[in-house]
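Trainee: query_18.txt is reproduced in full below (compact mmCIF, C-alpha atoms).
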```txt
# COMPACT_ATOMS: atom_id res chain seq x y z
CA MET B 1 -15.74 -39.92 -28.51
CA ASN B 2 -13.08 -41.94 -30.27
CA ARG B 3 -10.95 -44.34 -28.27
CA LYS B 4 -7.73 -42.28 -28.44
CA ALA B 5 -9.52 -39.20 -27.11
CA PHE B 6 -11.13 -41.30 -24.42
CA TYR B 7 -7.75 -42.59 -23.23
CA ILE B 8 -6.40 -39.05 -23.10
CA ALA B 9 -9.39 -38.02 -21.00
CA ALA B 10 -8.84 -41.02 -18.73
CA ALA B 11 -5.19 -40.05 -18.31
CA VAL B 12 -6.26 -36.55 -17.24
CA ILE B 13 -8.61 -38.03 -14.65
CA VAL B 14 -5.85 -40.31 -13.37
CA ALA B 15 -3.40 -37.44 -13.09
CA ALA B 16 -5.95 -35.37 -11.19
CA ALA B 17 -6.59 -38.25 -8.80
CA VAL B 18 -2.87 -38.65 -8.14
CA LEU B 19 -2.39 -34.96 -7.50
CA ALA B 20 -5.32 -34.94 -5.12
CA GLY B 21 -3.59 -37.55 -2.97
CA ARG B 22 -4.76 -39.67 -4.71
CA PHE B 23 -22.54 -55.73 -3.33
CA TRP B 24 -24.69 -55.66 -5.14
CA LEU B 25 -24.88 -59.48 -4.84
CA VAL B 26 -25.82 -61.87 -7.64
CA PRO B 27 -26.75 -65.51 -7.06
CA GLN B 28 -24.09 -68.15 -7.60
CA GLN B 29 -24.43 -69.82 -10.99
CA ALA B 30 -25.29 -73.47 -10.69
CA GLY B 31 -22.28 -75.66 -11.26
CA THR B 32 -19.67 -72.94 -10.69
CA GLN B 33 -16.83 -74.39 -8.68
CA GLN B 34 -15.56 -72.49 -5.66
CA VAL B 35 -12.18 -72.48 -3.96
CA SER B 36 -12.70 -73.95 -0.50
CA GLN B 37 -12.93 -71.18 2.11
CA ALA B 38 -12.34 -71.30 5.84
CA PRO B 39 -15.43 -71.27 8.08
CA GLY B 40 -16.86 -67.78 8.38
CA VAL B 41 -15.05 -66.50 5.28
CA PRO B 42 -17.29 -65.37 2.37
CA ARG B 43 -17.31 -67.73 -0.60
CA ILE B 44 -15.80 -65.31 -3.09
CA GLY B 45 -13.63 -66.29 -6.04
CA GLY B 46 -13.04 -69.49 -7.91
CA PRO B 47 -11.74 -70.95 -11.16
CA PHE B 48 -11.85 -68.85 -14.32
CA THR B 49 -10.56 -68.92 -17.89
CA LEU B 50 -10.03 -65.56 -19.61
CA VAL B 51 -7.66 -63.82 -22.05
CA ASP B 52 -5.05 -61.27 -20.97
CA GLN B 53 -4.09 -58.03 -22.72
CA ASP B 54 -1.47 -59.88 -24.75
CA GLY B 55 -4.06 -62.28 -26.14
CA ARG B 56 -2.92 -65.23 -24.02
CA GLU B 57 -5.39 -67.55 -22.35
CA VAL B 58 -5.01 -67.48 -18.58
CA THR B 59 -6.75 -69.12 -15.64
CA ASP B 60 -6.81 -68.51 -11.91
CA GLU B 61 -4.03 -71.11 -11.68
CA THR B 62 -1.79 -68.81 -13.75
CA TYR B 63 -1.41 -66.55 -10.72
CA ARG B 64 -0.98 -69.16 -8.01
CA GLY B 65 1.84 -68.39 -5.58
CA LYS B 66 1.09 -64.67 -5.59
CA PHE B 67 -1.60 -62.52 -4.03
CA MET B 68 -4.14 -61.23 -6.54
CA LEU B 69 -5.55 -57.73 -6.18
CA VAL B 70 -8.68 -58.00 -8.33
CA TYR B 71 -10.87 -55.18 -9.63
CA PHE B 72 -13.82 -55.45 -12.06
CA GLY B 73 -14.51 -52.54 -14.41
CA TYR B 74 -14.28 -51.43 -18.04
CA THR B 75 -12.10 -49.15 -20.15
CA PHE B 76 -14.90 -46.71 -21.04
CA CYS B 77 -15.71 -46.12 -17.35
CA PRO B 78 -15.63 -42.32 -16.94
CA ASP B 79 -14.60 -41.94 -13.32
CA ILE B 80 -14.87 -44.79 -10.80
CA CYS B 81 -12.59 -47.23 -12.63
CA PRO B 82 -9.68 -44.85 -13.30
CA THR B 83 -9.93 -43.61 -9.70
CA SER B 84 -9.85 -47.18 -8.35
CA LEU B 85 -6.99 -48.26 -10.61
CA THR B 86 -5.03 -45.17 -9.58
CA ALA B 87 -5.59 -46.10 -5.91
CA ILE B 88 -4.29 -49.63 -6.61
CA THR B 89 -1.27 -48.16 -8.42
CA GLU B 90 -0.49 -45.93 -5.44
CA THR B 91 -0.99 -48.86 -3.04
CA LEU B 92 1.63 -50.88 -4.92
CA SER B 93 3.98 -47.91 -4.77
CA ILE B 94 3.54 -47.62 -1.01
CA LEU B 95 4.25 -51.34 -0.59
CA GLY B 96 7.56 -51.01 -2.40
CA PRO B 97 9.45 -54.30 -2.90
CA ALA B 98 6.66 -56.18 -1.08
CA ALA B 99 4.43 -55.45 -4.09
CA ASP B 100 6.40 -58.06 -6.04
CA LYS B 101 4.27 -60.63 -4.20
CA ILE B 102 1.11 -59.19 -5.76
CA VAL B 103 -0.48 -59.36 -9.21
CA PRO B 104 -2.96 -56.52 -9.80
CA ILE B 105 -5.75 -57.75 -12.07
CA PHE B 106 -8.34 -55.70 -13.95
CA ILE B 107 -11.23 -57.84 -15.23
CA SER B 108 -13.49 -56.24 -17.83
CA VAL B 109 -17.26 -56.41 -17.44
CA ASP B 110 -17.59 -55.04 -20.99
CA PRO B 111 -16.46 -57.91 -23.25
CA GLU B 112 -18.30 -56.40 -26.24
CA ARG B 113 -15.88 -53.45 -26.42
CA ASP B 114 -12.87 -54.41 -24.30
CA ARG B 115 -10.76 -56.47 -26.64
CA PRO B 116 -7.26 -57.41 -25.43
CA GLU B 117 -5.49 -54.67 -27.41
CA TYR B 118 -7.81 -52.03 -25.92
CA MET B 119 -7.12 -53.33 -22.43
CA LYS B 120 -3.39 -53.07 -23.12
CA ASP B 121 -3.66 -49.46 -24.31
CA TYR B 122 -5.78 -48.50 -21.31
CA LEU B 123 -3.56 -50.07 -18.66
CA GLN B 124 -0.45 -48.27 -19.84
CA TYR B 125 -1.74 -45.27 -17.89
CA PHE B 126 -1.44 -47.23 -14.65
CA ASP B 127 1.06 -49.66 -13.14
CA THR B 128 2.88 -51.83 -15.69
CA ARG B 129 2.24 -54.88 -13.50
CA PHE B 130 -1.50 -54.79 -14.17
CA ARG B 131 -2.95 -57.74 -16.03
CA GLY B 132 -6.05 -56.86 -18.01
CA LEU B 133 -8.41 -59.79 -18.49
CA THR B 134 -11.40 -60.16 -20.77
CA GLY B 135 -13.25 -62.99 -22.48
CA THR B 136 -16.56 -64.05 -23.93
CA PRO B 137 -19.76 -62.74 -22.31
CA ASP B 138 -20.30 -66.15 -20.71
CA GLN B 139 -16.75 -66.28 -19.34
CA VAL B 140 -17.06 -62.80 -17.88
CA MET B 141 -20.45 -63.59 -16.37
CA SER B 142 -19.04 -66.74 -14.76
CA VAL B 143 -16.10 -65.02 -13.07
CA ALA B 144 -18.29 -62.08 -11.99
CA LYS B 145 -20.72 -64.45 -10.32
CA ALA B 146 -17.87 -66.28 -8.61
CA TYR B 147 -16.74 -62.96 -7.11
CA ARG B 148 -20.31 -61.84 -6.35
CA VAL B 149 -19.89 -58.90 -8.72
CA TYR B 150 -22.95 -57.10 -10.07
CA TYR B 151 -22.90 -55.38 -13.47
CA ILE B 152 -25.51 -54.23 -15.97
CA LYS B 153 -25.38 -52.29 -19.23
CA MET B 154 -27.18 -48.93 -19.04
CA ASP B 155 -28.60 -48.41 -22.54
CA LYS B 156 -30.03 -45.04 -23.48
CA GLU B 157 -33.01 -44.99 -25.82
CA GLY B 158 -32.06 -43.59 -29.21
CA ALA B 159 -28.33 -43.44 -28.38
CA ASP B 160 -25.50 -44.99 -30.37
CA PRO B 161 -25.54 -48.72 -29.47
CA ASP B 162 -21.77 -48.56 -28.88
CA ASP B 163 -22.09 -45.60 -26.52
CA TYR B 164 -23.23 -46.86 -23.14
CA LEU B 165 -22.23 -47.02 -19.49
CA ILE B 166 -22.13 -50.04 -17.20
CA ASP B 167 -23.24 -49.98 -13.59
CA HIS B 168 -20.99 -52.35 -11.63
CA THR B 169 -19.64 -53.34 -8.24
CA SER B 170 -16.55 -51.29 -7.42
CA ASN B 171 -14.86 -53.40 -4.74
CA THR B 172 -11.21 -54.44 -4.86
CA TYR B 173 -10.60 -58.04 -3.75
CA ILE B 174 -7.48 -59.56 -2.19
CA MET B 175 -7.04 -63.23 -3.01
CA GLY B 176 -4.30 -65.28 -1.35
CA PRO B 177 -1.51 -67.22 -3.08
CA ASP B 178 -3.78 -70.29 -2.83
CA GLY B 179 -6.62 -68.47 -4.59
CA ARG B 180 -8.71 -68.02 -1.45
CA PHE B 181 -10.48 -64.80 -0.57
CA GLN B 182 -8.71 -62.70 2.07
CA ALA B 183 -10.44 -59.32 2.18
CA HIS B 184 -12.01 -56.61 0.06
CA PHE B 185 -11.92 -52.81 -0.07
CA GLY B 186 -14.86 -50.59 -0.96
CA HIS B 187 -14.54 -47.76 -3.45
CA GLY B 188 -12.85 -44.76 -1.84
CA THR B 189 -10.57 -46.72 0.50
CA SER B 190 -7.28 -44.84 0.61
CA PRO B 191 -4.06 -46.38 -0.73
CA GLY B 192 -2.57 -46.06 2.75
CA GLU B 193 -5.38 -48.13 4.27
CA MET B 194 -5.12 -50.75 1.56
CA ALA B 195 -1.34 -51.00 1.90
CA ALA B 196 -1.57 -51.38 5.68
CA ARG B 197 -4.11 -54.21 5.41
CA ILE B 198 -2.17 -55.96 2.65
CA ARG B 199 1.02 -55.83 4.74
CA GLU B 200 -0.83 -57.75 7.45
CA LEU B 201 -1.62 -60.49 4.94
CA LEU B 202 1.74 -60.78 3.17
```
Translate this structure into structure tokens?
Mentor:
Amino acid sequence: MNRKAFYIAAAVIVAAAVLAGRFWLVPQQAGTQQVSQAPGVPRIGGPFTLVDQDGREVTDETYRGKFMLVYFGYTFCPDICPTSLTAITETLSILGPAADKIVPIFISVDPERDRPEYMKDYLQYFDTRFRGLTGTPDQVMSVAKAYRVYYIKMDKEGADPDDYLIDHTSNTYIMGPDGRFQAHFGHGTSPGEMAARIRELL
């Protein structure tokens, strides 16, 4: 399937989700710095350097002062990612003006295919505030480990090497304006539930 056709299919899935009403853990990489967390709070998140959908280098510091709503996925994801991004889009809509305090971030776990321009095309089907981040395989691995995100390429024997799926963690993370972990939502959490919890944190 070519990329244009894929995006059209993704848009159909998104529209259907809207009309409907809508860890795995990996060990921490040695040497990865962590943002200091309060006692009893999971050590999730930390410094990263990636590239956004406009080709600009960004770091975790770029988004300081705002809450980050972080989701890891990839543009060729057939169902879970568009459903989750639609839920985040609806959550921001429910929050109204309060959503201005939040930066929704989509981090690709497929750096081989998800170049910045592809991320930009993909995210146009969702909220315009989304920042799509990608990077080198090592950069992506580093930020995934910092967030305790699992992902693995699912190759099919004899298939086109560019045609593959990726199994990945599907949580959405809320990081505070200081970069510290606040909470996370599992896949399937309703936009109403997410909005209610986020209001408590704002």
Trainee: Skip Ser108 of chain B itself and residues of its chain fewer than 5 positions away, then list as a list in words all residues within 9 Å of it, counting all atoms listed in the file.
Mentor: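 Here the qualifying residues turn out to be Tyr71, Phe72, Gly73, Tyr74, Thr75, Asp114, Met119, Gly132, Leu133, Thr134, Gly135 and Val140 of chain B.
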Trainee: Which residue is closest to Ile80 of chain B? Choose from B:Asp178, B:Glu193, B:Asp167, B:Glu112 and count only C-alpha atoms.
Mentor: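 With only C-alpha atoms as the atom set, the closest residue is B:Asp167.
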Trainee: When you look at Arg199 of chain B with a cut-off of 9 Å (counting only C-alpha atoms), what residues show up, excluding the ones that are within fewer than 4 positions of it in the same chain? I need them as a ChimeraX atom specification.
Mentor: /B:95,98,194-195
Trainee: For Ala144 of chain B, list every protein, DNA or RNA residue within 9 Å, evaluated using all atoms listed in the file, and leave out those in the same chain fewer than 2 positions away; present the list as a PDB file with C-alpha atoms, in the coordinates of the input.
Mentor:
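Ended up saving to selection-v9.pdb:
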```pdb
ATOM      1  CA  VAL B  26     -25.820 -61.870  -7.640  1.00  0.00           C
ATOM      2  CA  GLY B  45     -13.630 -66.290  -6.040  1.00  0.00           C
ATOM      3  CA  PHE B  72     -13.820 -55.450 -12.060  1.00  0.00           C
ATOM      4  CA  ILE B 107     -11.230 -57.840 -15.230  1.00  0.00           C
ATOM      5  CA  VAL B 109     -17.260 -56.410 -17.440  1.00  0.00           C
ATOM      6  CA  GLN B 139     -16.750 -66.280 -19.340  1.00  0.00           C
ATOM      7  CA  VAL B 140     -17.060 -62.800 -17.880  1.00  0.00           C
ATOM      8  CA  MET B 141     -20.450 -63.590 -16.370  1.00  0.00           C
ATOM      9  CA  SER B 142     -19.040 -66.740 -14.760  1.00  0.00           C
ATOM     10  CA  ALA B 146     -17.870 -66.280  -8.610  1.00  0.00           C
ATOM     11  CA  TYR B 147     -16.740 -62.960  -7.110  1.00  0.00           C
ATOM     12  CA  ARG B 148     -20.310 -61.840  -6.350  1.00  0.00           C
ATOM     13  CA  VAL B 149     -19.890 -58.900  -8.720  1.00  0.00           C
ATOM     14  CA  TYR B 150     -22.950 -57.100 -10.070  1.00  0.00           C
ATOM     15  CA  TYR B 151     -22.900 -55.380 -13.470  1.00  0.00           C
TER      16      TYR B 151
END
```
Trainee: Just give me the gap between atom CA of Tyr164 of chain B and atom CA of Thr59 of chain B in Å, one decimal is fine.
Mentor: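 Calculated distance between atom CA of Tyr164 of chain B and atom CA of Thr59 of chain B is 28.7 Å.
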Trainee: Just the number, please: distance in Å from atom CA of Pro47 of chain B to atom CA of Leu202 of chain B, one decimal.
Mentor: 22.1 Å
Trainee: Which distance in Å separates atom CA of Phe181 of chain B and atom CA of Ile44 of chain B, to one decimal?
Mentor: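 Answer for the atom CA of Phe181 of chain B to atom CA of Ile44 of chain B separation: 5.9 Å.
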Trainee: May I have the protein, DNA and RNA residues with any atom at most 12 Å from the point (-14.7, -49.6, -4.6), counting all atoms listed in the file, written as an MDAnalysis selection string?
Mentor: chainID B and resid 23:24 70:73 79:88 149 168:173 184:191 194
Trainee: B:Arg56, B:Pro161, B:Arg64, B:Thr89: which is nearest Tyr125 of chain B, counting all atoms listed in the file?
Mentor: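 Checking each candidate against Tyr125 of chain B, we get B:Thr89 as the closest.
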Trainee: Counting only C-alpha atoms, which residues come within 12 Å of (8.7, -53.6, -14.7), with the point read in the file's coordinates, and could you list them as a list in words?
Mentor: Pro97, Ala99, Asp100, Gln124, Phe126, Asp127, Thr128, Arg129 and Phe130 of chain B
Trainee: Nearest residue to Arg43 of chain B out of B:Met175, B:Ile152, B:Leu92, B:Leu123, using all atoms listed in the file?
Mentor: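 Closest residue, counting all atoms listed in the file: B:Met175.
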Trainee: What are the centre and the three edge lengths of an axis-aligned box that wraps all atoms of segment 46-62 of chain B in the file, given that 5 Å is added to every side, written as JSON and rounded to one decimal in Å?
Mentor:
```
{"center_x": -7.3, "center_y": -64.6, "center_z": -17.0, "size_x": 21.6, "size_y": 23.1, "size_z": 28.2}
```
Trainee: Complete the atoms of segment 86-119 of chain B to N, CA and C atoms and put them out as a JSON list (two decimals), in the frame of the given file.
Mentor:
```json
[["chain", "number", "residue", "atom", "x", "y", "z"],
["B", 86, "THR", "N", -6.07, -46.07, -10.07],
["B", 86, "THR", "CA", -5.03, -45.17, -9.58],
["B", 86, "THR", "C", -4.73, -45.48, -8.11],
["B", 87, "ALA", "N", -5.78, -45.76, -7.33],
["B", 87, "ALA", "CA", -5.59, -46.10, -5.91],
["B", 87, "ALA", "C", -4.78, -47.39, -5.78],
["B", 88, "ILE", "N", -5.06, -48.38, -6.64],
["B", 88, "ILE", "CA", -4.29, -49.63, -6.61],
["B", 88, "ILE", "C", -2.84, -49.36, -6.99],
["B", 89, "THR", "N", -2.62, -48.51, -7.99],
["B", 89, "THR", "CA", -1.27, -48.16, -8.42],
["B", 89, "THR", "C", -0.50, -47.51, -7.27],
["B", 90, "GLU", "N", -1.14, -46.59, -6.56],
["B", 90, "GLU", "CA", -0.49, -45.93, -5.44],
["B", 90, "GLU", "C", -0.23, -46.90, -4.29],
["B", 91, "THR", "N", -1.17, -47.84, -4.09],
["B", 91, "THR", "CA", -0.99, -48.86, -3.04],
["B", 91, "THR", "C", 0.26, -49.69, -3.32],
["B", 92, "LEU", "N", 0.44, -50.09, -4.55],
["B", 92, "LEU", "CA", 1.63, -50.88, -4.92],
["B", 92, "LEU", "C", 2.90, -50.06, -4.70],
["B", 93, "SER", "N", 2.83, -48.77, -4.99],
["B", 93, "SER", "CA", 3.98, -47.91, -4.77],
["B", 93, "SER", "C", 4.34, -47.82, -3.29],
["B", 94, "ILE", "N", 3.32, -47.69, -2.45],
["B", 94, "ILE", "CA", 3.54, -47.62, -1.01],
["B", 94, "ILE", "C", 4.17, -48.92, -0.49],
["B", 95, "LEU", "N", 3.74, -50.04, -1.03],
["B", 95, "LEU", "CA", 4.25, -51.34, -0.59],
["B", 95, "LEU", "C", 5.70, -51.56, -0.98],
["B", 96, "GLY", "N", 6.17, -50.87, -1.98],
["B", 96, "GLY", "CA", 7.56, -51.01, -2.40],
["B", 96, "GLY", "C", 7.89, -52.41, -2.87],
["B", 97, "PRO", "N", 9.04, -52.95, -2.45],
["B", 97, "PRO", "CA", 9.45, -54.30, -2.90],
["B", 97, "PRO", "C", 8.44, -55.39, -2.55],
["B", 98, "ALA", "N", 7.65, -55.17, -1.48],
["B", 98, "ALA", "CA", 6.66, -56.18, -1.08],
["B", 98, "ALA", "C", 5.60, -56.36, -2.16],
["B", 99, "ALA", "N", 5.43, -55.36, -3.02],
["B", 99, "ALA", "CA", 4.43, -55.45, -4.09],
["B", 99, "ALA", "C", 4.78, -56.51, -5.12],
["B", 100, "ASP", "N", 6.01, -57.00, -5.11],
["B", 100, "ASP", "CA", 6.40, -58.06, -6.04],
["B", 100, "ASP", "C", 5.65, -59.36, -5.75],
["B", 101, "LYS", "N", 5.04, -59.44, -4.56],
["B", 101, "LYS", "CA", 4.27, -60.63, -4.20],
["B", 101, "LYS", "C", 2.83, -60.55, -4.68],
["B", 102, "ILE", "N", 2.49, -59.46, -5.38],
["B", 102, "ILE", "CA", 1.11, -59.19, -5.76],
["B", 102, "ILE", "C", 0.97, -59.05, -7.27],
["B", 103, "VAL", "N", -0.12, -59.59, -7.81],
["B", 103, "VAL", "CA", -0.48, -59.36, -9.21],
["B", 103, "VAL", "C", -1.77, -58.55, -9.22],
["B", 104, "PRO", "N", -1.72, -57.29, -9.68],
["B", 104, "PRO", "CA", -2.96, -56.52, -9.80],
["B", 104, "PRO", "C", -3.69, -56.93, -11.08],
["B", 105, "ILE", "N", -4.98, -57.23, -10.94],
["B", 105, "ILE", "CA", -5.75, -57.75, -12.07],
["B", 105, "ILE", "C", -7.00, -56.90, -12.29],
["B", 106, "PHE", "N", -7.18, -56.48, -13.54],
["B", 106, "PHE", "CA", -8.34, -55.70, -13.95],
["B", 106, "PHE", "C", -9.17, -56.56, -14.88],
["B", 107, "ILE", "N", -10.36, -56.98, -14.43],
["B", 107, "ILE", "CA", -11.23, -57.84, -15.23],
["B", 107, "ILE", "C", -12.35, -57.00, -15.83],
["B", 108, "SER", "N", -12.48, -57.04, -17.15],
["B", 108, "SER", "CA", -13.49, -56.24, -17.83],
["B", 108, "SER", "C", -14.88, -56.86, -17.70],
["B", 109, "VAL", "N", -15.85, -55.99, -17.42],
["B", 109, "VAL", "CA", -17.26, -56.41, -17.44],
["B", 109, "VAL", "C", -17.93, -55.92, -18.72],
["B", 110, "ASP", "N", -17.10, -55.55, -19.71],
["B", 110, "ASP", "CA", -17.59, -55.04, -20.99],
["B", 110, "ASP", "C", -16.91, -55.80, -22.14],
["B", 111, "PRO", "N", -17.15, -57.12, -22.23],
["B", 111, "PRO", "CA", -16.46, -57.91, -23.25],
["B", 111, "PRO", "C", -16.80, -57.51, -24.68],
["B", 112, "GLU", "N", -17.91, -56.82, -24.88],
["B", 112, "GLU", "CA", -18.30, -56.40, -26.24],
["B", 112, "GLU", "C", -17.32, -55.37, -26.80],
["B", 113, "ARG", "N", -16.79, -54.50, -25.95],
["B", 113, "ARG", "CA", -15.88, -53.45, -26.42],
["B", 113, "ARG", "C", -14.44, -53.66, -25.98],
["B", 114, "ASP", "N", -14.22, -54.30, -24.85],
["B", 114, "ASP", "CA", -12.87, -54.41, -24.30],
["B", 114, "ASP", "C", -12.12, -55.61, -24.85],
["B", 115, "ARG", "N", -11.62, -55.45, -26.06],
["B", 115, "ARG", "CA", -10.76, -56.47, -26.64],
["B", 115, "ARG", "C", -9.38, -56.35, -26.01],
["B", 116, "PRO", "N", -8.57, -57.42, -26.09],
["B", 116, "PRO", "CA", -7.26, -57.41, -25.43],
["B", 116, "PRO", "C", -6.40, -56.19, -25.76],
["B", 117, "GLU", "N", -6.35, -55.79, -27.03],
["B", 117, "GLU", "CA", -5.49, -54.67, -27.41],
["B", 117, "GLU", "C", -5.97, -53.36, -26.79],
["B", 118, "TYR", "N", -7.29, -53.23, -26.57],
["B", 118, "TYR", "CA", -7.81, -52.03, -25.92],
["B", 118, "TYR", "C", -7.45, -52.03, -24.44],
["B", 119, "MET", "N", -7.52, -53.21, -23.83],
["B", 119, "MET", "CA", -7.12, -53.33, -22.43],
["B", 119, "MET", "C", -5.65, -52.94, -22.26]]
```
